[in-house]
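Asker: Dropping in query_14.tsv, with TSV, C-alpha atoms.
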```tsv
chain	number	residue	atom	x	y	z
A	7	MET	CA	157.19	33.59	118.98
A	8	LEU	CA	154.69	35.34	116.74
A	9	GLY	CA	153.82	34.53	113.16
A	10	GLY	CA	155.87	36.60	110.73
A	11	ASP	CA	152.68	37.61	108.92
A	12	ILE	CA	151.08	39.22	111.98
A	13	GLY	CA	151.02	42.58	110.17
A	14	THR	CA	148.58	41.23	107.59
A	15	ASN	CA	147.10	38.27	109.49
A	16	PRO	CA	146.05	39.42	112.98
A	17	TRP	CA	146.46	37.28	116.10
A	18	PRO	CA	145.62	34.49	116.55
A	19	GLY	CA	145.48	33.76	112.81
A	20	SER	CA	149.22	34.28	112.44
A	21	GLY	CA	149.93	31.88	115.31
A	22	GLU	CA	151.83	32.17	118.58
A	23	ILE	CA	154.30	29.70	120.07
A	24	ASP	CA	155.07	30.34	123.73
A	25	ILE	CA	158.40	28.64	124.41
A	26	MET	CA	158.19	29.48	128.11
A	27	GLU	CA	155.79	31.41	130.29
A	28	ASN	CA	156.24	31.73	134.05
A	29	VAL	CA	153.67	33.47	136.23
A	30	GLY	CA	154.75	35.10	139.49
A	31	PHE	CA	152.29	33.25	141.71
A	32	GLU	CA	153.62	29.90	140.35
A	33	PRO	CA	157.41	30.35	140.44
A	34	HIS	CA	158.02	26.58	140.28
A	35	LEU	CA	155.91	26.04	137.13
A	36	VAL	CA	156.48	26.94	133.47
A	37	HIS	CA	154.07	26.63	130.57
A	38	GLY	CA	154.48	26.12	126.82
A	39	SER	CA	151.56	26.96	124.55
A	40	LEU	CA	150.23	27.22	121.03
A	41	HIS	CA	147.67	29.84	120.02
A	42	GLY	CA	145.90	29.81	116.69
A	43	PRO	CA	142.42	30.31	115.23
A	44	GLY	CA	139.96	28.40	117.44
A	45	TYR	CA	142.52	27.71	120.19
A	46	SER	CA	143.76	30.96	121.67
A	47	GLY	CA	143.84	32.88	124.92
A	48	GLY	CA	142.56	30.75	127.80
A	49	ASP	CA	141.68	28.00	125.30
A	50	GLY	CA	145.18	27.62	123.85
A	51	LEU	CA	146.97	24.29	123.63
A	52	THR	CA	149.11	24.33	126.78
A	53	GLY	CA	151.45	22.01	128.63
A	54	SER	CA	153.12	22.65	131.99
A	55	PHE	CA	156.36	21.56	133.66
A	56	MET	CA	157.06	21.70	137.39
A	57	HIS	CA	160.60	22.23	138.65
A	58	PRO	CA	161.79	18.76	139.77
A	59	GLN	CA	162.68	20.04	143.26
A	60	GLY	CA	159.76	22.47	143.44
A	61	TRP	CA	162.14	25.44	143.38
A	62	SER	CA	161.59	28.76	141.65
A	63	PHE	CA	162.77	28.82	138.05
A	64	ALA	CA	164.08	32.34	138.72
A	65	ASP	CA	166.73	30.99	141.10
A	66	ASP	CA	169.01	29.72	138.32
A	67	PHE	CA	169.50	29.68	134.56
A	68	HIS	CA	167.60	27.02	132.62
A	69	THR	CA	167.38	25.92	129.01
A	70	PHE	CA	163.86	26.27	127.59
A	71	ALA	CA	163.43	24.85	124.11
A	72	VAL	CA	161.03	23.88	121.37
A	73	ASP	CA	161.72	21.29	118.73
A	74	TRP	CA	159.58	22.61	115.87
A	75	ARG	CA	159.01	20.18	113.00
A	76	PRO	CA	156.36	20.08	110.28
A	77	GLY	CA	153.08	19.26	112.01
A	78	GLN	CA	154.63	18.85	115.47
A	79	ILE	CA	156.11	20.98	118.27
A	80	THR	CA	157.76	19.54	121.41
A	81	TRP	CA	158.68	21.58	124.51
A	82	SER	CA	161.52	20.82	126.91
A	83	VAL	CA	163.19	22.21	130.02
A	84	ASP	CA	166.87	21.47	130.64
A	85	GLY	CA	166.74	18.70	128.03
A	86	GLN	CA	163.64	16.99	129.43
A	87	ASP	CA	160.68	16.86	127.01
A	88	TYR	CA	157.38	17.61	128.70
A	89	GLN	CA	154.78	18.27	125.99
A	90	THR	CA	154.19	17.58	122.30
A	91	PHE	CA	151.35	18.97	120.20
A	92	THR	CA	150.64	17.96	116.61
A	93	SER	CA	148.35	19.24	113.90
A	94	ALA	CA	145.81	16.62	115.08
A	95	ASP	CA	145.48	18.44	118.45
A	96	THR	CA	143.88	21.62	117.05
A	97	ARG	CA	140.35	20.20	117.35
A	98	GLY	CA	139.72	20.57	113.61
A	99	ASN	CA	141.06	24.13	113.48
A	100	PRO	CA	143.95	25.23	111.23
A	101	TRP	CA	147.54	24.38	112.15
A	102	VAL	CA	149.21	27.77	111.55
A	103	PHE	CA	152.81	26.88	112.40
A	104	ASP	CA	154.11	26.19	108.91
A	105	HIS	CA	155.56	29.62	108.11
A	106	ASP	CA	158.21	32.01	109.45
A	107	PHE	CA	157.93	33.26	113.04
A	108	TYR	CA	159.93	35.84	114.94
A	109	LEU	CA	161.27	35.60	118.45
A	110	LEU	CA	159.96	37.89	121.16
A	111	LEU	CA	161.46	38.09	124.67
A	112	ASN	CA	159.49	40.11	127.20
A	113	VAL	CA	158.50	40.59	130.83
A	114	ALA	CA	154.79	41.26	131.24
A	115	VAL	CA	153.16	42.37	134.49
A	116	GLY	CA	149.43	41.90	134.96
A	117	GLY	CA	146.70	40.84	132.60
A	118	ASN	CA	143.82	38.39	132.57
A	119	TRP	CA	145.85	35.30	133.42
A	120	PRO	CA	148.03	36.39	136.35
A	121	GLY	CA	145.67	39.13	137.48
A	122	TYR	CA	146.48	42.76	137.91
A	123	PRO	CA	149.31	44.10	140.07
A	124	ASP	CA	148.51	44.80	143.71
A	125	GLU	CA	150.47	45.49	146.89
A	126	SER	CA	151.95	41.96	146.79
A	127	THR	CA	153.46	42.51	143.31
A	128	GLN	CA	157.24	42.69	143.52
A	129	LEU	CA	158.53	45.54	141.39
A	130	PRO	CA	160.73	46.25	139.60
A	131	GLN	CA	161.10	42.97	137.71
A	132	GLN	CA	163.83	41.82	135.37
A	133	MET	CA	164.61	38.98	133.01
A	134	LYS	CA	168.18	37.74	132.77
A	135	VAL	CA	169.05	35.92	129.54
A	136	ASP	CA	172.43	34.25	129.19
A	137	TYR	CA	171.99	33.46	125.50
A	138	VAL	CA	169.47	32.72	122.75
A	139	ARG	CA	170.33	30.03	120.24
A	140	VAL	CA	168.42	29.02	117.11
A	141	TYR	CA	169.14	25.86	115.14
A	142	ASP	CA	167.72	24.95	111.77
A	143	ASN	CA	168.22	21.21	111.49
A	144	GLY	CA	167.15	21.21	107.85
A	145	ARG	CA	170.09	23.29	106.61
A	146	ASP	CA	173.85	23.07	106.81
A	147	GLU	CA	174.28	26.78	107.57
A	148	PRO	CA	172.38	28.84	110.13
A	149	SER	CA	169.91	31.26	108.64
A	150	VAL	CA	169.17	34.51	110.45
A	151	ARG	CA	166.93	37.17	108.94
A	152	PRO	CA	166.54	40.17	111.27
A	153	THR	CA	163.08	41.71	111.07
A	154	GLY	CA	163.93	45.09	112.57
A	155	ARG	CA	161.05	44.83	115.03
```
Would you write the structure of this file as structure tokens?

Answerer:
Amino acid sequence: MLGGDIGTNPWPGSGEIDIMENVGFEPHLVHGSLHGPGYSGGDGLTGSFMHPQGWSFADDFHTFAVDWRPGQITWSVDGQDYQTFTSADTRGNPWVFDHDFYLLLNVAVGGNWPGYPDESTQLPQQMKVDYVRVYDNGRDEPSVRPTGR
């Protein structure tokens, strides 16, 4: 998710919450991260979760979630919490997760972290999503505000 003010507050100042990242050379491992001013890119706040049987996450559907509360974000896979970060974990840098964010689903190939595609890269790639669900536990009615992005 990216901060809703990214148009006027460039990354990483607007914040980024990675609910789930999975890199092709680690099919059994997923990562959840926070990126903000002073903790971004390779220095983001990151936790990892290994598939309990060591299998590829791409072999079946899974539920990836964040429980986002004021000053605290917890990541889980299939109902099992694996990482919590709080505003105290930013090493004295601003906690920028107290405003609206928008959801972004994407498949990225290459880059600094996984490396660039080569002859071992399996293409084409796809992402299958069964559903996306958003809960706001502070309100009685769901609130959805499309951004048109």

Asker: If we count all atoms listed in the file and set the cut-off at 12 Å, which residues sit around stretch 46-61 of chain A, ignoring sequence neighbours fewer than 2 positions away in its own chain? Please answer as JSON, numbers by chain.

Answerer: {"A": [17, 18, 19, 20, 21, 22, 23, 24, 25, 26, 27, 28, 29, 32, 33, 34, 35, 36, 37, 38, 39, 40, 41, 42, 43, 44, 63, 64, 65, 66, 68, 70, 79, 80, 81, 82, 83, 84, 86, 87, 88, 89, 90, 91, 92, 93, 94, 95, 96, 97, 99, 100, 101, 102, 117, 118, 119, 120]}

Asker: Point out the residue among A:Phe31, A:Phe67, A:Trp74, A:Tyr141 with the least atom-to-atom distance to A:Tyr122, counting only C-alpha atoms.

Answerer: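 Of A:Phe31, A:Phe67, A:Trp74, A:Tyr141, the one nearest A:Tyr122 is A:Phe31, counting only C-alpha atoms.
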
Asker: Nearest to A:Val115: which of A:Gly98, A:Gly30, A:Ser62, A:Asn143 is it, counting all atoms listed in the file?

Answerer: A:Gly30

Asker: Hey, what's within 8 Å of A:Gly10 if we count only C-alpha atoms and toss same-chain stuff fewer than 4 positions away? As a list in words, please?

Answerer: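 Within the cut-off, the hits are Ser20, His105, Asp106, Phe107 and Tyr108 of chain A.
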
Asker: If I take atom CA of A:Val72 and atom CA of A:Val135, how far is one from the other in Å, to one decimal?

Answerer: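 Taking atom CA of A:Val72 and atom CA of A:Val135, their separation equals 16.6 Å.
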
Asker: What gap, in Å, lies between atom CA of A:Thr69 and atom CA of A:Asp136?

Answerer: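 If I compute the distance from atom CA of A:Thr69 to atom CA of A:Asp136, I get 9.7 Å.
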
Asker: Could you check how far atom CA of A:Gln78 sits from atom CA of A:Asp104, in Å to one decimal?

Answerer: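 Those two atoms sit 9.9 Å apart.
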